[in-house]
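Below is target07.pdb, holding PDB, C-alpha atoms.
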```pdb
ATOM      1  CA  MET A   1     297.584  -6.055  91.761
ATOM      2  CA  THR A   2     300.038  -5.809  94.630
ATOM      3  CA  PHE A   3     300.117  -8.241  97.514
ATOM      4  CA  GLY A   4     299.525  -5.967 100.425
ATOM      5  CA  TYR A   5     300.082  -6.403 104.129
ATOM      6  CA  TYR A   6     296.720  -8.050 104.674
ATOM      7  CA  SER A   7     296.640 -10.408 101.690
ATOM      8  CA  PHE A   8     299.526 -12.670 102.715
ATOM      9  CA  GLU A   9     298.175 -12.909 106.248
ATOM     10  CA  SER A  10     294.799 -13.932 104.928
ATOM     11  CA  LEU A  11     296.437 -16.599 102.730
ATOM     12  CA  GLN A  12     298.222 -17.940 105.802
ATOM     13  CA  ARG A  13     294.973 -17.991 107.754
ATOM     14  CA  GLU A  14     293.316 -19.869 104.904
ATOM     15  CA  LEU A  15     296.207 -22.384 104.785
ATOM     16  CA  GLU A  16     295.989 -22.920 108.542
ATOM     17  CA  ARG A  17     292.210 -23.295 108.420
ATOM     18  CA  MET A  18     292.332 -25.836 105.592
ATOM     19  CA  LEU A  19     295.163 -27.764 107.249
ATOM     20  CA  ALA A  20     293.246 -28.005 110.517
ATOM     21  CA  ALA A  21     289.997 -28.934 108.741
ATOM     22  CA  ALA A  22     291.583 -31.672 106.637
ATOM     23  CA  PHE A  23     293.774 -33.288 109.231
ATOM     24  CA  GLY A  24     292.466 -32.111 112.585
ATOM     25  CA  ALA A  25     295.836 -30.530 113.289
ATOM     26  CA  PRO A  26     295.946 -28.562 116.555
ATOM     27  CA  THR A  27     296.841 -24.853 116.374
ATOM     28  CA  GLY A  28     300.530 -24.222 116.247
ATOM     29  CA  VAL A  29     301.204 -27.278 114.091
ATOM     30  CA  ALA A  30     301.730 -26.341 110.501
ATOM     31  CA  SER A  31     301.989 -29.535 108.503
ATOM     32  CA  ILE A  32     300.917 -33.139 108.761
ATOM     33  CA  THR A  33     303.292 -35.846 109.858
ATOM     34  CA  GLY A  34     303.681 -38.519 107.322
ATOM     35  CA  VAL A  35     304.854 -38.637 103.780
ATOM     36  CA  TYR A  36     307.687 -36.381 102.651
ATOM     37  CA  PRO A  37     307.662 -33.787 101.211
ATOM     38  CA  ALA A  38     304.484 -32.077 102.343
ATOM     39  CA  VAL A  39     302.797 -30.461  99.329
ATOM     40  CA  ASP A  40     300.333 -27.653  98.841
ATOM     41  CA  VAL A  41     298.106 -27.542  95.793
ATOM     42  CA  PHE A  42     296.784 -24.218  94.505
ATOM     43  CA  ASP A  43     294.267 -23.482  91.808
ATOM     44  CA  ALA A  44     295.361 -20.709  89.463
ATOM     45  CA  GLY A  45     292.448 -20.878  87.022
ATOM     46  CA  GLU A  46     294.022 -22.402  83.944
ATOM     47  CA  GLN A  47     296.528 -24.440  85.895
ATOM     48  CA  TYR A  48     297.263 -26.121  89.177
ATOM     49  CA  VAL A  49     300.336 -25.033  91.075
ATOM     50  CA  VAL A  50     301.905 -27.604  93.373
ATOM     51  CA  THR A  51     304.550 -26.484  95.843
ATOM     52  CA  ALA A  52     306.835 -28.595  98.029
ATOM     53  CA  GLU A  53     309.549 -27.566 100.448
ATOM     54  CA  LEU A  54     312.774 -29.392  99.631
ATOM     55  CA  PRO A  55     315.536 -27.288 101.169
ATOM     56  CA  GLY A  56     319.070 -28.251 100.215
ATOM     57  CA  VAL A  57     317.932 -30.646  97.514
ATOM     58  CA  ARG A  58     319.753 -30.201  94.257
ATOM     59  CA  LYS A  59     317.940 -30.065  90.914
ATOM     60  CA  ASP A  60     319.707 -33.283  89.881
ATOM     61  CA  ASP A  61     318.425 -35.083  92.972
ATOM     62  CA  VAL A  62     314.739 -34.729  92.161
ATOM     63  CA  GLU A  63     312.682 -36.268  89.368
ATOM     64  CA  ILE A  64     309.273 -34.945  88.340
ATOM     65  CA  GLU A  65     306.801 -36.970  86.318
ATOM     66  CA  VAL A  66     303.372 -35.938  85.056
ATOM     67  CA  GLU A  67     300.929 -38.486  83.669
ATOM     68  CA  ASP A  68     297.197 -38.106  83.031
ATOM     69  CA  ASP A  69     295.995 -36.883  86.400
ATOM     70  CA  THR A  70     298.999 -37.523  88.601
ATOM     71  CA  LEU A  71     302.195 -35.758  89.522
ATOM     72  CA  THR A  72     305.045 -37.861  90.939
ATOM     73  CA  LEU A  73     307.966 -36.327  92.837
ATOM     74  CA  ARG A  74     310.852 -38.653  93.471
ATOM     75  CA  GLY A  75     314.346 -38.076  94.758
ATOM     76  CA  GLU A  76     316.838 -37.949  97.541
ATOM     77  CA  ARG A  77     317.743 -35.427 100.203
ATOM     78  CA  LYS A  78     321.366 -35.824 101.121
ATOM     79  CA  VAL A  79     322.998 -34.601 104.287
ATOM     80  CA  PRO A  80     326.771 -34.947 103.977
ATOM     81  CA  PRO A  81     328.398 -37.127 106.632
ATOM     82  CA  LEU A  82     330.758 -35.529 109.116
ATOM     83  CA  ASP A  83     334.454 -36.183 108.911
ATOM     84  CA  GLU A  84     336.052 -38.044 111.782
ATOM     85  CA  LYS A  85     337.131 -34.956 113.733
ATOM     86  CA  ALA A  86     333.581 -33.638 113.954
ATOM     87  CA  ALA A  87     330.711 -34.530 116.281
ATOM     88  CA  TRP A  88     326.958 -33.933 116.076
ATOM     89  CA  HIS A  89     325.290 -31.782 118.710
ATOM     90  CA  ARG A  90     321.803 -31.801 117.201
ATOM     91  CA  ARG A  91     320.195 -33.561 114.236
ATOM     92  CA  GLU A  92     316.708 -32.400 113.238
ATOM     93  CA  ARG A  93     316.832 -32.178 109.454
ATOM     94  CA  PRO A  94     315.498 -35.246 107.677
ATOM     95  CA  SER A  95     317.448 -36.973 104.935
ATOM     96  CA  GLY A  96     316.942 -39.937 102.638
ATOM     97  CA  ARG A  97     314.859 -40.995  99.674
ATOM     98  CA  PHE A  98     311.373 -39.717  99.017
ATOM     99  CA  ARG A  99     308.521 -40.419  96.644
ATOM    100  CA  ARG A 100     305.258 -38.528  96.524
ATOM    101  CA  VAL A 101     302.305 -39.043  94.216
ATOM    102  CA  VAL A 102     299.756 -36.240  93.976
ATOM    103  CA  ARG A 103     296.493 -36.950  92.231
ATOM    104  CA  LEU A 104     294.746 -33.992  90.633
ATOM    105  CA  ALA A 105     292.179 -33.557  87.888
ATOM    106  CA  ARG A 106     292.895 -34.116  84.213
ATOM    107  CA  LEU A 107     296.148 -32.434  83.243
ATOM    108  CA  ASP A 108     297.691 -31.306  80.006
ATOM    109  CA  SER A 109     300.990 -33.078  80.695
ATOM    110  CA  GLU A 110     302.692 -31.705  77.584
ATOM    111  CA  SER A 111     302.996 -28.237  79.028
ATOM    112  CA  ALA A 112     303.843 -28.881  82.679
ATOM    113  CA  ALA A 113     306.706 -26.751  83.981
ATOM    114  CA  ALA A 114     308.768 -26.868  87.151
ATOM    115  CA  GLU A 115     310.923 -24.355  88.980
ATOM    116  CA  PHE A 116     313.220 -24.928  91.928
ATOM    117  CA  LYS A 117     314.113 -21.801  93.853
ATOM    118  CA  ASP A 118     315.511 -21.362  97.371
ATOM    119  CA  GLY A 119     314.560 -24.929  98.245
ATOM    120  CA  VAL A 120     310.948 -24.646  97.087
ATOM    121  CA  LEU A 121     309.844 -26.781  94.169
ATOM    122  CA  THR A 122     306.974 -25.228  92.203
ATOM    123  CA  VAL A 123     305.268 -27.305  89.530
ATOM    124  CA  ARG A 124     302.776 -25.627  87.223
ATOM    125  CA  LEU A 125     300.325 -28.045  85.702
ATOM    126  CA  PRO A 126     297.976 -26.724  83.064
ATOM    127  CA  LYS A 127     294.560 -28.294  83.320
ATOM    128  CA  ALA A 128     293.321 -30.313  80.352
ATOM    129  CA  LYS A 129     291.478 -27.979  78.004
ATOM    130  CA  GLU A 130     288.048 -29.525  78.664
ATOM    131  CA  ILE A 131     288.167 -28.645  82.353
ATOM    132  CA  ARG A 132     289.646 -25.163  82.183
ATOM    133  CA  PRO A 133     287.350 -22.348  83.251
ATOM    134  CA  ARG A 134     285.814 -20.846  80.150
ATOM    135  CA  LYS A 135     284.646 -17.304  79.748
ATOM    136  CA  VAL A 136     281.063 -17.212  78.574
ATOM    137  CA  GLU A 137     280.197 -14.305  76.352
ATOM    138  CA  ILE A 138     276.876 -12.668  77.115
ATOM    139  CA  GLN A 139     274.987 -12.307  73.878
ATOM    140  CA  VAL A 140     273.162  -9.064  73.656
ATOM    141  CA  GLY A 141     270.209  -9.420  71.388
TER     142      GLY A 141
ATOM    143  CA  MET B 142     303.923 -60.670  99.387
ATOM    144  CA  THR B 143     307.377 -61.389 100.726
ATOM    145  CA  ALA B 144     308.910 -63.789  98.233
ATOM    146  CA  THR B 145     309.158 -64.003  94.487
ATOM    147  CA  SER B 146     309.047 -67.270  92.661
ATOM    148  CA  GLU B 147     312.851 -67.315  92.624
ATOM    149  CA  GLY B 148     312.869 -67.313  96.387
ATOM    150  CA  THR B 149     314.509 -63.880  96.832
ATOM    151  CA  ALA B 150     313.063 -61.908  99.720
ATOM    152  CA  ARG B 151     311.214 -58.782  98.693
ATOM    153  CA  GLU B 152     310.432 -55.836 100.907
ATOM    154  CA  THR B 153     306.821 -55.642 101.960
ATOM    155  CA  GLN B 154     304.947 -52.405 101.426
ATOM    156  CA  THR B 155     305.055 -51.669 105.143
ATOM    157  CA  GLU B 156     308.797 -52.086 105.306
ATOM    158  CA  ALA B 157     309.315 -49.804 102.333
ATOM    159  CA  ALA B 158     307.011 -47.179 103.842
ATOM    160  CA  ALA B 159     308.905 -47.312 107.130
ATOM    161  CA  ARG B 160     312.127 -46.454 105.325
ATOM    162  CA  GLU B 161     310.639 -43.439 103.579
ATOM    163  CA  MET B 162     311.225 -39.999 104.938
ATOM    164  CA  GLU B 163     308.755 -38.417 107.281
ATOM    165  CA  ALA B 164     307.399 -34.935 106.897
ATOM    166  CA  ARG B 165     307.591 -33.219 110.249
ATOM    167  CA  PRO B 166     305.001 -30.688 111.355
ATOM    168  CA  LYS B 167     306.302 -27.121 111.372
ATOM    169  CA  GLN B 168     306.451 -25.752 114.891
ATOM    170  CA  LYS B 169     304.904 -22.322 115.164
ATOM    171  CA  VAL B 170     306.828 -19.696 117.107
ATOM    172  CA  GLU B 171     305.005 -17.166 119.270
ATOM    173  CA  ARG B 172     306.457 -13.736 118.662
ATOM    174  CA  THR B 173     305.998 -11.394 121.558
ATOM    175  CA  GLU B 174     307.769  -8.252 120.443
ATOM    176  CA  GLU B 175     306.352  -5.748 117.952
ATOM    177  CA  ARG B 176     307.127  -6.643 114.390
ATOM    178  CA  THR B 177     306.488  -4.805 111.167
ATOM    179  CA  ARG B 178     305.929  -8.008 109.227
ATOM    180  CA  PRO B 179     302.750  -9.760 110.301
ATOM    181  CA  SER B 180     303.233 -13.245 109.001
ATOM    182  CA  ALA B 181     302.995 -16.410 111.094
ATOM    183  CA  THR B 182     306.458 -17.652 112.019
ATOM    184  CA  PHE B 183     307.923 -21.125 112.295
ATOM    185  CA  GLN B 184     310.983 -22.659 113.863
ATOM    186  CA  PRO B 185     313.460 -23.938 111.253
ATOM    187  CA  LEU B 186     314.870 -27.443 111.730
ATOM    188  CA  VAL B 187     318.598 -27.339 112.468
ATOM    189  CA  ASP B 188     321.599 -29.602 112.454
ATOM    190  CA  ILE B 189     324.497 -28.537 114.651
ATOM    191  CA  HIS B 190     327.927 -30.093 114.632
ATOM    192  CA  GLU B 191     331.248 -29.241 116.179
ATOM    193  CA  THR B 192     334.745 -29.499 114.767
ATOM    194  CA  PRO B 193     337.999 -28.638 116.572
ATOM    195  CA  GLU B 194     337.819 -25.134 115.021
ATOM    196  CA  GLU B 195     334.160 -24.202 114.908
ATOM    197  CA  LEU B 196     330.499 -24.838 115.545
ATOM    198  CA  VAL B 197     328.392 -25.224 112.422
ATOM    199  CA  VAL B 198     324.654 -24.527 112.455
ATOM    200  CA  VAL B 199     322.642 -25.582 109.391
ATOM    201  CA  ALA B 200     319.004 -24.423 109.262
ATOM    202  CA  ASP B 201     316.279 -25.336 106.767
ATOM    203  CA  MET B 202     314.454 -22.188 105.658
ATOM    204  CA  PRO B 203     312.858 -23.072 102.327
ATOM    205  CA  GLY B 204     311.488 -20.097 100.405
ATOM    206  CA  VAL B 205     314.055 -17.721 101.884
ATOM    207  CA  GLY B 206     316.695 -16.174  99.627
ATOM    208  CA  PRO B 207     319.981 -14.553 100.680
ATOM    209  CA  ASP B 208     318.157 -11.178 100.862
ATOM    210  CA  GLY B 209     315.617 -12.577 103.278
ATOM    211  CA  VAL B 210     318.038 -13.646 106.012
ATOM    212  CA  GLU B 211     318.703 -11.688 109.199
ATOM    213  CA  ILE B 212     321.321 -12.803 111.677
ATOM    214  CA  GLU B 213     321.864 -11.041 114.968
ATOM    215  CA  VAL B 214     324.301 -11.626 117.786
ATOM    216  CA  GLU B 215     323.446  -9.819 120.985
ATOM    217  CA  GLY B 216     325.350 -10.678 124.110
ATOM    218  CA  ASN B 217     325.052 -14.423 124.496
ATOM    219  CA  HIS B 218     322.268 -14.853 121.989
ATOM    220  CA  LEU B 219     322.288 -15.703 118.311
ATOM    221  CA  THR B 220     319.052 -15.067 116.439
ATOM    222  CA  ILE B 221     318.320 -16.204 112.894
ATOM    223  CA  GLU B 222     315.344 -14.966 110.914
ATOM    224  CA  GLY B 223     314.233 -15.853 107.429
ATOM    225  CA  HIS B 224     311.627 -13.992 105.397
ATOM    226  CA  VAL B 225     309.694 -15.664 102.602
ATOM    227  CA  ARG B 226     308.300 -13.793  99.604
ATOM    228  CA  PRO B 227     304.535 -13.240  99.790
ATOM    229  CA  GLN B 228     304.493 -12.231  96.120
ATOM    230  CA  ASP B 229     305.342 -15.821  95.127
ATOM    231  CA  TYR B 230     301.807 -16.787  96.181
ATOM    232  CA  GLU B 231     299.899 -13.915  94.695
ATOM    233  CA  GLY B 232     296.708 -14.957  92.944
ATOM    234  CA  LEU B 233     296.888 -18.560  94.146
ATOM    235  CA  LYS B 234     293.877 -20.204  95.751
ATOM    236  CA  PRO B 235     294.707 -23.145  98.033
ATOM    237  CA  VAL B 236     292.802 -26.363  97.280
ATOM    238  CA  HIS B 237     294.860 -28.937  99.217
ATOM    239  CA  VAL B 238     297.047 -27.948 102.156
ATOM    240  CA  GLU B 239     299.685 -30.003 103.945
ATOM    241  CA  TYR B 240     301.950 -27.215 105.195
ATOM    242  CA  VAL B 241     301.658 -23.522 106.006
ATOM    243  CA  ILE B 242     304.004 -21.010 104.396
ATOM    244  CA  GLY B 243     305.616 -18.410 106.597
ATOM    245  CA  ASP B 244     308.738 -16.779 107.972
ATOM    246  CA  TYR B 245     311.299 -18.499 110.178
ATOM    247  CA  TYR B 246     312.795 -17.583 113.533
ATOM    248  CA  ARG B 247     315.070 -19.312 116.003
ATOM    249  CA  ARG B 248     317.183 -18.173 118.911
ATOM    250  CA  PHE B 249     320.295 -19.855 120.304
ATOM    251  CA  THR B 250     322.445 -19.259 123.347
ATOM    252  CA  LEU B 251     326.141 -19.165 122.555
ATOM    253  CA  GLY B 252     328.871 -20.209 124.888
ATOM    254  CA  ASP B 253     331.724 -17.787 125.615
ATOM    255  CA  ALA B 254     333.929 -19.835 123.347
ATOM    256  CA  ILE B 255     332.625 -18.298 120.096
ATOM    257  CA  ASP B 256     334.547 -15.584 118.250
ATOM    258  CA  ARG B 257     331.524 -13.394 117.488
ATOM    259  CA  GLU B 258     333.412 -11.158 115.078
ATOM    260  CA  ALA B 259     334.301 -14.052 112.812
ATOM    261  CA  ILE B 260     330.860 -15.605 112.259
ATOM    262  CA  LYS B 261     330.239 -16.448 108.593
ATOM    263  CA  ALA B 262     326.883 -17.153 106.951
ATOM    264  CA  GLU B 263     325.873 -18.715 103.654
ATOM    265  CA  MET B 264     322.339 -19.017 102.259
ATOM    266  CA  ARG B 265     321.732 -21.444  99.428
ATOM    267  CA  ASP B 266     318.724 -23.479  98.190
ATOM    268  CA  GLY B 267     316.746 -22.500 101.276
ATOM    269  CA  VAL B 268     319.467 -23.692 103.657
ATOM    270  CA  LEU B 269     321.343 -21.317 105.961
ATOM    271  CA  THR B 270     324.815 -22.455 107.036
ATOM    272  CA  LEU B 271     326.441 -20.579 109.893
ATOM    273  CA  HIS B 272     330.080 -21.034 110.773
ATOM    274  CA  LEU B 273     330.803 -20.033 114.341
ATOM    275  CA  PRO B 274     334.569 -20.148 114.868
ATOM    276  CA  LYS B 275     335.724 -20.929 118.345
ATOM    277  CA  SER B 276     337.750 -18.196 119.988
ATOM    278  CA  THR B 277     341.445 -19.026 120.033
ATOM    279  CA  GLN B 278     341.591 -19.980 123.723
ATOM    280  CA  ALA B 279     338.811 -22.499 123.190
ATOM    281  CA  ARG B 280     340.472 -24.312 120.324
ATOM    282  CA  VAL B 281     342.328 -27.505 120.980
ATOM    283  CA  ARG B 282     345.965 -26.786 120.443
ATOM    284  CA  ARG B 283     348.291 -29.441 119.235
ATOM    285  CA  ILE B 284     351.516 -29.252 121.172
ATOM    286  CA  PRO B 285     354.415 -30.572 119.130
ATOM    287  CA  VAL B 286     356.725 -32.925 120.912
ATOM    288  CA  SER B 287     360.318 -32.664 119.873
TER     289      SER B 287
END
```
What's the structure tokens form of this structure?
Amino acid sequence: MTFGYYSFESLQRELERMLAAAFGAPTGVASITGVYPAVDVFDAGEQYVVTAELPGVRKDDVEIEVEDDTLTLRGERKVPPLDEKAAWHRRERPSGRFRRVVRLARLDSESAAAEFKDGVLTVRLPKAKEIRPRKVEIQVG
Amino acid sequence: MTATSEGTARETQTEAAAREMEARPKQKVERTEERTRPSATFQPLVDIHETPEELVVVADMPGVGPDGVEIEVEGNHLTIEGHVRPQDYEGLKPVHVEYVIGDYYRRFTLGDAIDREAIKAEMRDGVLTLHLPKSTQARVRRIPVS
């Protein structure tokens, strides 16, 4: 199945709709103000996929913990200081320590996996076996 | 609770929360010209600093790899664009949303003091770093005193 021209746009529309519905965000604003980092949670059938934008954060600067039904992201975003000959013109990028706890449904913490690519942290959290969608065979008889 | 039994002051929850980083809302950019890619576009946050030799622009564009960056200098304007990968989200159904995923775009006006031919760009971990060297006339020259 290829992700065509229309599919990504419809995902974006869905993200914008859900963001506005949950937080009353006006159009044109694409994340809530508050705790850092902002996270999105997706359902991929057998697992949850949690994404967070952490540009410039190194793998060693973030800690991921999974326990029962919660995912904890903890770490630090460092912006190197300028040397004495340099001067700031504009400072918009946030820096400092962060800690985020995301509560989901029951997870199978043994097989959680995380990937950090191009500043996006993706954590795949398999759901506990009891709550995974099960295929039901139709008995013909 | 602000004090332990030993009498040492402890940070209250409010104080700790105030120190934590804030997630900023992504500012959507209205694109007026015709584009082949349809996705919603956002303005990347930037840090800009100046040294005696150059201007350095650092832009957060998470989800964008080196292949997804476009930099254009036209006359006095510098444009940066970052394209995310839609295929990374294929088959995923959103259940809790705090930020929207999309491309990035930002336009800057350069002063005459930039040596346009010598602009260097680096894209790593979703961060674009642009080195804009000042043209030789604009640099501060140290005049040795004998």
Practice task
Give as an MDAnalysis selection string the residues that the ChimeraX specification (/B :<7) & /A matches when applied to the coordinates above.
Solution key: chainID A and resid 3 8:9 12 15:16 18:19 28:44 53:56 85:98 117:120
Exercise for the section: Could you tell me how far CA of Val50 in chain A lies from CA of Leu125 in chain A, in Å and to one decimal? Expected result: 7.8 Å
Handout entry: Selection near Glu222 in chain B, 9 Å with all atoms listed in the file, sequence-local residues under 5 positions removed, as a PyMOL selection string
Key = chain B and resi 202+209-213+244-248
Problem - Test item: residues at most 7 Å from Asn217 in chain B, all atoms listed in the file, excluding those fewer than 2 positions along its chain, as a list in words - result: Glu215, Leu219, Thr250, Leu251 and Gly252 of chain B
Exercise for the section: Apply the PyMOL selection byres ((chain A and resi 67) around 12) to the file shown and report the selected residues as a list in words. Expected result: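 That expression, the PyMOL selection byres ((chain A and resi 67) around 12), corresponds here to Ile64, Glu65, Val66, Asp68, Asp69, Thr70, Leu71, Thr72, Leu73, Val101, Val102, Arg103, Leu104, Ala105, Arg106, Leu107, Asp108, Ser109, Glu110, Ser111, Ala112, Leu125 and Ala128 of chain A.
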Practice task
Check the smallest atom-to-atom distance from each of A:Arg134, A:Pro126, A:Leu121, A:Gln139 to Glu46 in chain A using only C-alpha atoms, then report the winner.
Solution key: A:Pro126
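One distance worth recording is that between CA of Ser7 in chain A and CA of Arg100 in chain A, which is 29.9 Å.
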